[in-house]
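J.: Dumping the structure here so I can ask a few things about it.
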Amino acid sequence: MIDRRGLAEFLRTRREALQPEDVGLTRGARRRTTGLRREEVAALSHMSTDYYSRLEQERGPQPSEHMLASIAQGLHLSLDERDHLFHLAGHTPPARGGGRDHVRPGMLRILDRLDDTPAEIVTELGETLVQSRMGIALMGDKVSLTGPERSLGFRWFTDPATREFYAPEEHGFLSRMYASGLREITALRGPQSRAAELAAILLERSDEFRTLWAEHEVGLRPHETKHFVHPEVGALELHCQRLVDPAQAQSLMVYTAVPGSESYEKLSLLSVIGAQALG
């Protein structure tokens with residue numbers, strides 16, 4: 001059963017404990033609010049201000065598990081705090097580890113400081129959980145995707161448009177790498193896992209995946225240098241640095257270009273395009 005008062009008080013205290021700098025926001029000169037504003041938490045949680053405000057006012061419907069997970073992410077809650085939030089709302093907390101979606105506060109704090117750099121936090125299945133502003137400008141909004149399509153490897157074999165973002169000469173290797181990676185994760189997580197579910201769907205839908213799956217190839221790893229084809233700035237050669245959180249089976253991916261290179265200049269242009277799009 002939902003504890004409306006407890007939920008409202010917990011949300012309010014967690015919101016007031018956060019400062020704009022803690023979540024990558026700029027503090028205005030006339031700011032008088034203690035902690036974050038409700039509309040800021042709502043934006044960070046990908047929901048309407050009205051919906052979030054009603055929760056703090058002990059009103060509205062019981063939030064779904066999906067909404068609670070979004071709020072936990074927006075408020076930068078620890079795993080213990082996230083679990084407490086779920087209990088207050090009358091839900092069983094998600095299991096920990098094994099590629100779950102909750103990003104720990106330490107990883108989020110790093111991402112929040114990369115506003116001028118393309119970066120994203122992804123699961124072991126290639127599901128984008130959070131993106132920096134430049135990450136969205138580079139790759140588009142991947143956080144809002146749902147279902148199997150959240151996985152980049154799944155989209156690679158089922159949506160031809162996905163491949164347009166990658167240089168053609170990389171396609172063959174990437175196909176092998178995604179099939180190889182999914183096979184490894186399926187073996188690690190077991191036959192009832194999300195990885196096994198994705199593999200089963202792909203075996204039905206993709207001839208290419210079936211062929212590669214039958215090869216039983218494992219051990220392929222991503223190249224550090226990525227060759228992208230952006231629809232507005234064209235070819236990009238970017239270096240990818242990866243910071244791993246093994247407890248959550250997640251990775252922070254940071255994409256940079258060599259200073260003075262053509263790709264570096266294109267990233268600068270992309271930053272301007274991204275800012276205009278948000279404005």
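Identifiers in the structure tokens: chain A, B, ... in order shown; residue index from 1 per chain; ligand index from 1 in order shown.
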Go through stretch 149-176 of chain A and flag each residue having an atom no more than 10 Å from stretch 204-213 of chain A; for those, report the closest pair of atoms plus their distance in Å to one decimal, using only C-alpha atoms, ordered by chain and rising number, as JSON lines.
T.:
{"residue": "A:Phe154", "atom": "CA", "partner": "A:Phe209", "partner_atom": "CA", "distance": 9.7}
{"residue": "A:Trp156", "atom": "CA", "partner": "A:Phe209", "partner_atom": "CA", "distance": 9.7}
{"residue": "A:Phe157", "atom": "CA", "partner": "A:Ser206", "partner_atom": "CA", "distance": 6.3}
{"residue": "A:Thr158", "atom": "CA", "partner": "A:Ser206", "partner_atom": "CA", "distance": 6.9}
{"residue": "A:Ser175", "atom": "CA", "partner": "A:Phe209", "partner_atom": "CA", "distance": 7.8}
{"residue": "A:Arg176", "atom": "CA", "partner": "A:Leu212", "partner_atom": "CA", "distance": 6.5}
J.: Keeping all heavy atoms for every residue in the selection just given, could you write it to a file as a PDB file, in the first residue's frame?
T.:
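Listed below is the output, out16.pdb:
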ATOM      1  N   PHE A 154      20.203  -4.755 -30.633  1.00  0.00           N
ATOM      2  CA  PHE A 154      18.916  -5.177 -31.193  1.00  0.00           C
ATOM      3  C   PHE A 154      18.544  -4.291 -32.378  1.00  0.00           C
ATOM      4  O   PHE A 154      18.129  -4.792 -33.435  1.00  0.00           O
ATOM      5  CB  PHE A 154      17.826  -5.107 -30.122  1.00  0.00           C
ATOM      6  CG  PHE A 154      16.494  -5.618 -30.574  1.00  0.00           C
ATOM      7  CD1 PHE A 154      16.186  -6.961 -30.485  1.00  0.00           C
ATOM      8  CD2 PHE A 154      15.550  -4.751 -31.113  1.00  0.00           C
ATOM      9  CE1 PHE A 154      14.960  -7.444 -30.924  1.00  0.00           C
ATOM     10  CE2 PHE A 154      14.321  -5.219 -31.556  1.00  0.00           C
ATOM     11  CZ  PHE A 154      14.021  -6.568 -31.460  1.00  0.00           C
ATOM     12  N   TRP A 156      20.497  -2.687 -34.264  1.00  0.00           N
ATOM     13  CA  TRP A 156      21.452  -2.913 -35.349  1.00  0.00           C
ATOM     14  C   TRP A 156      20.934  -3.956 -36.337  1.00  0.00           C
ATOM     15  O   TRP A 156      21.082  -3.815 -37.545  1.00  0.00           O
ATOM     16  CB  TRP A 156      22.787  -3.368 -34.764  1.00  0.00           C
ATOM     17  CG  TRP A 156      23.848  -3.569 -35.798  1.00  0.00           C
ATOM     18  CD1 TRP A 156      24.221  -4.753 -36.385  1.00  0.00           C
ATOM     19  CD2 TRP A 156      24.659  -2.555 -36.402  1.00  0.00           C
ATOM     20  NE1 TRP A 156      25.203  -4.540 -37.309  1.00  0.00           N
ATOM     21  CE2 TRP A 156      25.501  -3.197 -37.334  1.00  0.00           C
ATOM     22  CE3 TRP A 156      24.752  -1.179 -36.239  1.00  0.00           C
ATOM     23  CZ2 TRP A 156      26.432  -2.510 -38.100  1.00  0.00           C
ATOM     24  CZ3 TRP A 156      25.675  -0.482 -36.998  1.00  0.00           C
ATOM     25  CH2 TRP A 156      26.497  -1.144 -37.917  1.00  0.00           C
ATOM     26  N   PHE A 157      20.285  -4.986 -35.818  1.00  0.00           N
ATOM     27  CA  PHE A 157      19.813  -6.084 -36.670  1.00  0.00           C
ATOM     28  C   PHE A 157      18.359  -5.924 -37.127  1.00  0.00           C
ATOM     29  O   PHE A 157      17.903  -6.698 -37.973  1.00  0.00           O
ATOM     30  CB  PHE A 157      19.963  -7.414 -35.934  1.00  0.00           C
ATOM     31  CG  PHE A 157      21.393  -7.849 -35.755  1.00  0.00           C
ATOM     32  CD1 PHE A 157      22.001  -7.759 -34.511  1.00  0.00           C
ATOM     33  CD2 PHE A 157      22.132  -8.339 -36.817  1.00  0.00           C
ATOM     34  CE1 PHE A 157      23.322  -8.166 -34.335  1.00  0.00           C
ATOM     35  CE2 PHE A 157      23.455  -8.735 -36.665  1.00  0.00           C
ATOM     36  CZ  PHE A 157      24.045  -8.647 -35.413  1.00  0.00           C
ATOM     37  N   THR A 158      17.648  -4.951 -36.577  1.00  0.00           N
ATOM     38  CA  THR A 158      16.217  -4.843 -36.909  1.00  0.00           C
ATOM     39  C   THR A 158      15.828  -3.510 -37.527  1.00  0.00           C
ATOM     40  O   THR A 158      14.746  -3.409 -38.117  1.00  0.00           O
ATOM     41  CB  THR A 158      15.355  -5.060 -35.647  1.00  0.00           C
ATOM     42  OG1 THR A 158      15.709  -4.088 -34.651  1.00  0.00           O
ATOM     43  CG2 THR A 158      15.555  -6.460 -35.089  1.00  0.00           C
ATOM     44  N   SER A 175      28.530  -5.997 -36.685  1.00  0.00           N
ATOM     45  CA  SER A 175      27.558  -7.094 -36.672  1.00  0.00           C
ATOM     46  C   SER A 175      28.101  -8.276 -35.889  1.00  0.00           C
ATOM     47  O   SER A 175      27.422  -8.863 -35.027  1.00  0.00           O
ATOM     48  CB  SER A 175      27.219  -7.541 -38.095  1.00  0.00           C
ATOM     49  OG  SER A 175      26.513  -6.535 -38.787  1.00  0.00           O
ATOM     50  N   ARG A 176      29.340  -8.644 -36.162  1.00  0.00           N
ATOM     51  CA  ARG A 176      29.968  -9.756 -35.429  1.00  0.00           C
ATOM     52  C   ARG A 176      30.101  -9.429 -33.949  1.00  0.00           C
ATOM     53  O   ARG A 176      29.850 -10.296 -33.093  1.00  0.00           O
ATOM     54  CB  ARG A 176      31.345 -10.051 -36.025  1.00  0.00           C
ATOM     55  CG  ARG A 176      31.330 -10.627 -37.426  1.00  0.00           C
ATOM     56  CD  ARG A 176      32.744 -10.650 -38.007  1.00  0.00           C
ATOM     57  NE  ARG A 176      33.662 -11.342 -37.116  1.00  0.00           N
ATOM     58  CZ  ARG A 176      34.942 -10.987 -36.959  1.00  0.00           C
ATOM     59  NH1 ARG A 176      35.452  -9.943 -37.614  1.00  0.00           N
ATOM     60  NH2 ARG A 176      35.711 -11.677 -36.134  1.00  0.00           N
TER      61      ARG A 176
END
J.: Counting only C-alpha atoms, what is within 8 Å of stretch 126-134 of chain A, bar same-chain residues fewer than 4 positions away, as a PDB file with C-alpha atoms, in the first residue's frame?
T.:
ATOM      1  CA  ASP A 101      18.787   0.429 -14.999  1.00  0.00           C
ATOM      2  CA  VAL A 103      22.676   4.550 -12.212  1.00  0.00           C
ATOM      3  CA  LEU A 111      28.332  12.608 -16.315  1.00  0.00           C
ATOM      4  CA  ASP A 112      26.892  15.880 -15.002  1.00  0.00           C
ATOM      5  CA  LEU A 114      30.581  16.488 -19.072  1.00  0.00           C
ATOM      6  CA  ASP A 115      27.996  18.888 -20.470  1.00  0.00           C
ATOM      7  CA  ASP A 116      30.317  20.017 -23.291  1.00  0.00           C
ATOM      8  CA  THR A 117      31.361  16.465 -24.194  1.00  0.00           C
ATOM      9  CA  PRO A 118      29.381  13.657 -25.869  1.00  0.00           C
ATOM     10  CA  ALA A 119      28.826  11.052 -23.162  1.00  0.00           C
ATOM     11  CA  GLU A 120      26.303   8.410 -22.174  1.00  0.00           C
ATOM     12  CA  ILE A 121      25.778   5.718 -19.557  1.00  0.00           C
ATOM     13  CA  VAL A 122      24.790   2.363 -21.023  1.00  0.00           C
ATOM     14  CA  LEU A 138      25.712  13.501 -31.390  1.00  0.00           C
ATOM     15  CA  ASP A 141      17.736  10.984 -27.798  1.00  0.00           C
ATOM     16  CA  LYS A 142      18.168   7.286 -26.969  1.00  0.00           C
ATOM     17  CA  VAL A 143      16.885   7.431 -23.369  1.00  0.00           C
ATOM     18  CA  ARG A 150      16.400   0.201 -26.209  1.00  0.00           C
ATOM     19  CA  SER A 151      19.326  -2.106 -27.036  1.00  0.00           C
ATOM     20  CA  LEU A 152      21.705  -0.808 -29.705  1.00  0.00           C
ATOM     21  CA  GLY A 153      22.588  -4.365 -30.706  1.00  0.00           C
ATOM     22  CA  LEU A 270      27.644  20.212 -33.210  1.00  0.00           C
ATOM     23  CA  SER A 271      27.660  21.889 -29.800  1.00  0.00           C
ATOM     24  CA  GLY A 274      22.627  21.182 -30.178  1.00  0.00           C
TER      25      GLY A 274
END
J.: Extract, using only C-alpha atoms, all DNA, RNA and protein residues at most 10 Å from A:Pro168, discarding same-chain residues fewer than 3 positions from it, and format them as an MDAnalysis selection string.
T.: chainID A and resid 163:165 171:172 227:229
J.: For the residues in that selection, give me N, CA and C atoms as a compact mmCIF listing (two decimals), in the first residue's frame.
T.:
# COMPACT_ATOMS: atom_id res chain seq x y z
N ARG A 163 22.20 1.78 -38.81
CA ARG A 163 23.53 1.61 -39.41
C ARG A 163 24.01 2.86 -40.13
N GLU A 164 23.10 3.75 -40.47
CA GLU A 164 23.48 4.95 -41.21
C GLU A 164 24.40 5.86 -40.40
N PHE A 165 24.40 5.72 -39.08
CA PHE A 165 25.22 6.56 -38.21
C PHE A 165 26.66 6.06 -38.13
N HIS A 171 30.66 -1.84 -40.61
CA HIS A 171 29.43 -2.60 -40.42
C HIS A 171 29.66 -4.09 -40.18
N GLY A 172 30.55 -4.70 -40.95
CA GLY A 172 30.79 -6.12 -40.81
C GLY A 172 31.31 -6.48 -39.42
N HIS A 227 34.10 5.54 -35.89
CA HIS A 227 33.89 6.31 -37.12
C HIS A 227 32.38 6.46 -37.33
N PHE A 228 31.90 7.67 -37.04
CA PHE A 228 30.48 7.96 -37.15
C PHE A 228 30.20 8.79 -38.40
N VAL A 229 28.94 8.78 -38.82
CA VAL A 229 28.48 9.63 -39.93
C VAL A 229 27.26 10.38 -39.42
J.: Would you mind telling me which residue in A:Ala17, A:Pro63, A:Leu25, A:Thr256 lies nearest to A:Met1 when using only C-alpha atoms?
T.: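 Nearest to A:Met1: A:Pro63.
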J.: As JSON, numbers by chain, please: every residue in stretch 100-179 of chain A that a backbone DSSP assignment puts in alpha helix (DSSP H).
T.: {"A": [105, 106, 107, 108, 109, 110, 111, 112, 133, 134, 135, 136, 137, 138, 139, 152, 153, 154, 155, 156, 157, 158, 160, 161, 162, 163, 171, 172, 173, 174, 175, 176, 177, 178, 179]}
J.: Between atom CA of A:Pro222 and atom CA of A:Gly24, what is the spacing in Å?
T.: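 Calculated distance between atom CA of A:Gly24 and atom CA of A:Pro222 is 28.9 Å.
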J.: I'd like the interatomic distance between atom CA of A:Pro231 and atom CA of A:Ala43, to a tenth of an Å.
T.: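 Interatomic distance here is 26.9 Å.
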J.: Find the residues of stretch 46-68 of chain A that sit at most 9 Å from stretch 73-95 of chain A; for each, write down the nearest two atoms and how far apart they are in Å, to one decimal. Count only C-alpha atoms. Sort by chain, then by number going up, and give it as a Markdown table.
T.:
| residue | atom | partner | partner_atom | distance |
| --- | --- | --- | --- | --- |
| A:His46 | CA | A:Gly74 | CA | 8.1 |
| A:Gln62 | CA | A:Ala89 | CA | 6.8 |
| A:Pro63 | CA | A:Ala89 | CA | 6.9 |
| A:Ser64 | CA | A:His91 | CA | 8.3 |
| A:Glu65 | CA | A:His91 | CA | 7.0 |
| A:Leu68 | CA | A:Phe86 | CA | 6.7 |
J.: Counting only C-alpha atoms, which residue out of A:Ser144, A:Phe173, A:Leu11, A:Arg30 sits closest to A:Met47?
T.: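 Going through A:Ser144, A:Phe173, A:Leu11, A:Arg30 one by one, the smallest distance to A:Met47 is for A:Ser144.
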J.: Atom CA of A:Glu217 and atom CA of A:Glu197, how far apart in Å?
T.: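 Here the two named atoms are 18.9 Å from each other.
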J.: So, counting only C-alpha atoms, which residue among A:Gly135, A:Gly28, A:Gly6, A:Pro105 is closest to A:Met253?
T.: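 Comparing A:Gly135, A:Gly28, A:Gly6, A:Pro105 against A:Met253, the winner is A:Gly135.
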J.: I'd like to know which of A:Gly106, A:Leu7, A:Arg189, A:Leu198 is closest to A:Glu149, using only C-alpha atoms.
T.: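 Among the listed residues, A:Leu198 lies closest to A:Glu149.
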J.: Can you list every residue in stretch 9-243 of chain A that DSSP puts in strand (DSSP E or B), as an MDAnalysis selection string?
T.: chainID A and resid 119:123 127:131 151 166 225:230 234:243
J.: Can you list, as a PyMOL selection string, every protein, DNA or RNA residue that comes within 10 Å of A:Glu56 when you count only C-alpha atoms, leaving out same-chain residues fewer than 6 positions away?
T.: chain A and resi 4-12+38
J.: Go ahead and save the residues from that selection, with all heavy atoms, as a tab-separated table (two decimals), in the first residue's frame.
T.:
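File out33.tsv, as written:
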chain	number	residue	atom	x	y	z
A	4	ARG	N	1.37	7.78	1.21
A	4	ARG	CA	1.41	9.06	0.51
A	4	ARG	C	2.18	10.13	1.29
A	4	ARG	O	2.96	10.89	0.71
A	4	ARG	CB	-0.02	9.55	0.21
A	4	ARG	CG	-0.74	8.69	-0.82
A	4	ARG	CD	-2.02	9.34	-1.29
A	4	ARG	NE	-2.68	8.50	-2.29
A	4	ARG	CZ	-2.37	8.49	-3.58
A	4	ARG	NH1	-1.41	9.28	-4.02
A	4	ARG	NH2	-3.02	7.69	-4.42
A	5	ARG	N	1.96	10.21	2.58
A	5	ARG	CA	2.66	11.23	3.37
A	5	ARG	C	4.16	10.93	3.41
A	5	ARG	O	4.98	11.84	3.21
A	5	ARG	CB	2.10	11.29	4.79
A	5	ARG	CG	2.88	12.26	5.70
A	5	ARG	CD	2.19	12.48	7.01
A	5	ARG	NE	0.93	13.17	6.81
A	5	ARG	CZ	0.12	13.53	7.81
A	5	ARG	NH1	0.44	13.22	9.07
A	5	ARG	NH2	-1.01	14.17	7.57
A	6	GLY	N	4.50	9.68	3.66
A	6	GLY	CA	5.91	9.32	3.70
A	6	GLY	C	6.59	9.55	2.36
A	6	GLY	O	7.72	10.04	2.30
A	7	LEU	N	5.89	9.21	1.27
A	7	LEU	CA	6.44	9.42	-0.07
A	7	LEU	C	6.66	10.90	-0.33
A	7	LEU	O	7.72	11.31	-0.82
A	7	LEU	CB	5.48	8.82	-1.11
A	7	LEU	CG	5.86	9.01	-2.58
A	7	LEU	CD1	7.18	8.32	-2.89
A	7	LEU	CD2	4.75	8.48	-3.50
A	8	ALA	N	5.65	11.72	-0.01
A	8	ALA	CA	5.76	13.16	-0.25
A	8	ALA	C	6.91	13.77	0.55
A	8	ALA	O	7.70	14.57	0.02
A	8	ALA	CB	4.44	13.84	0.12
A	9	GLU	N	7.04	13.38	1.80
A	9	GLU	CA	8.10	13.95	2.65
A	9	GLU	C	9.48	13.50	2.18
A	9	GLU	O	10.43	14.28	2.19
A	9	GLU	CB	7.86	13.54	4.10
A	9	GLU	CG	6.63	14.20	4.72
A	9	GLU	CD	6.38	13.73	6.15
A	9	GLU	OE1	7.07	12.78	6.59
A	9	GLU	OE2	5.48	14.31	6.80
A	10	PHE	N	9.58	12.24	1.76
A	10	PHE	CA	10.87	11.74	1.28
A	10	PHE	C	11.30	12.46	0.01
A	10	PHE	O	12.45	12.89	-0.13
A	10	PHE	CB	10.78	10.23	1.04
A	10	PHE	CG	12.07	9.62	0.59
A	10	PHE	CD1	13.15	9.55	1.43
A	10	PHE	CD2	12.18	9.08	-0.69
A	10	PHE	CE1	14.36	8.97	1.01
A	10	PHE	CE2	13.36	8.50	-1.12
A	10	PHE	CZ	14.46	8.44	-0.26
A	11	LEU	N	10.37	12.62	-0.93
A	11	LEU	CA	10.68	13.32	-2.17
A	11	LEU	C	11.10	14.77	-1.90
A	11	LEU	O	12.07	15.27	-2.47
A	11	LEU	CB	9.47	13.30	-3.11
A	11	LEU	CG	9.10	11.95	-3.71
A	11	LEU	CD1	7.82	12.07	-4.52
A	11	LEU	CD2	10.23	11.40	-4.57
A	12	ARG	N	10.37	15.41	-1.02
A	12	ARG	CA	10.67	16.81	-0.72
A	12	ARG	C	12.06	16.98	-0.07
A	12	ARG	O	12.82	17.86	-0.45
A	12	ARG	CB	9.59	17.39	0.17
A	12	ARG	CG	9.73	18.90	0.42
A	12	ARG	CD	8.46	19.49	0.99
A	12	ARG	NE	7.99	18.77	2.19
A	12	ARG	CZ	6.92	17.98	2.21
A	12	ARG	NH1	6.22	17.77	1.11
A	12	ARG	NH2	6.56	17.38	3.33
A	38	ARG	N	10.83	22.04	-8.14
A	38	ARG	CA	10.05	20.89	-8.59
A	38	ARG	C	10.15	20.69	-10.09
A	38	ARG	O	10.26	19.57	-10.58
A	38	ARG	CB	8.59	21.05	-8.17
A	38	ARG	CG	8.33	20.84	-6.68
A	38	ARG	CD	6.89	21.13	-6.35
A	38	ARG	NE	6.60	20.85	-4.94
A	38	ARG	CZ	5.45	21.17	-4.34
A	38	ARG	NH1	4.49	21.78	-5.03
A	38	ARG	NH2	5.27	20.88	-3.06
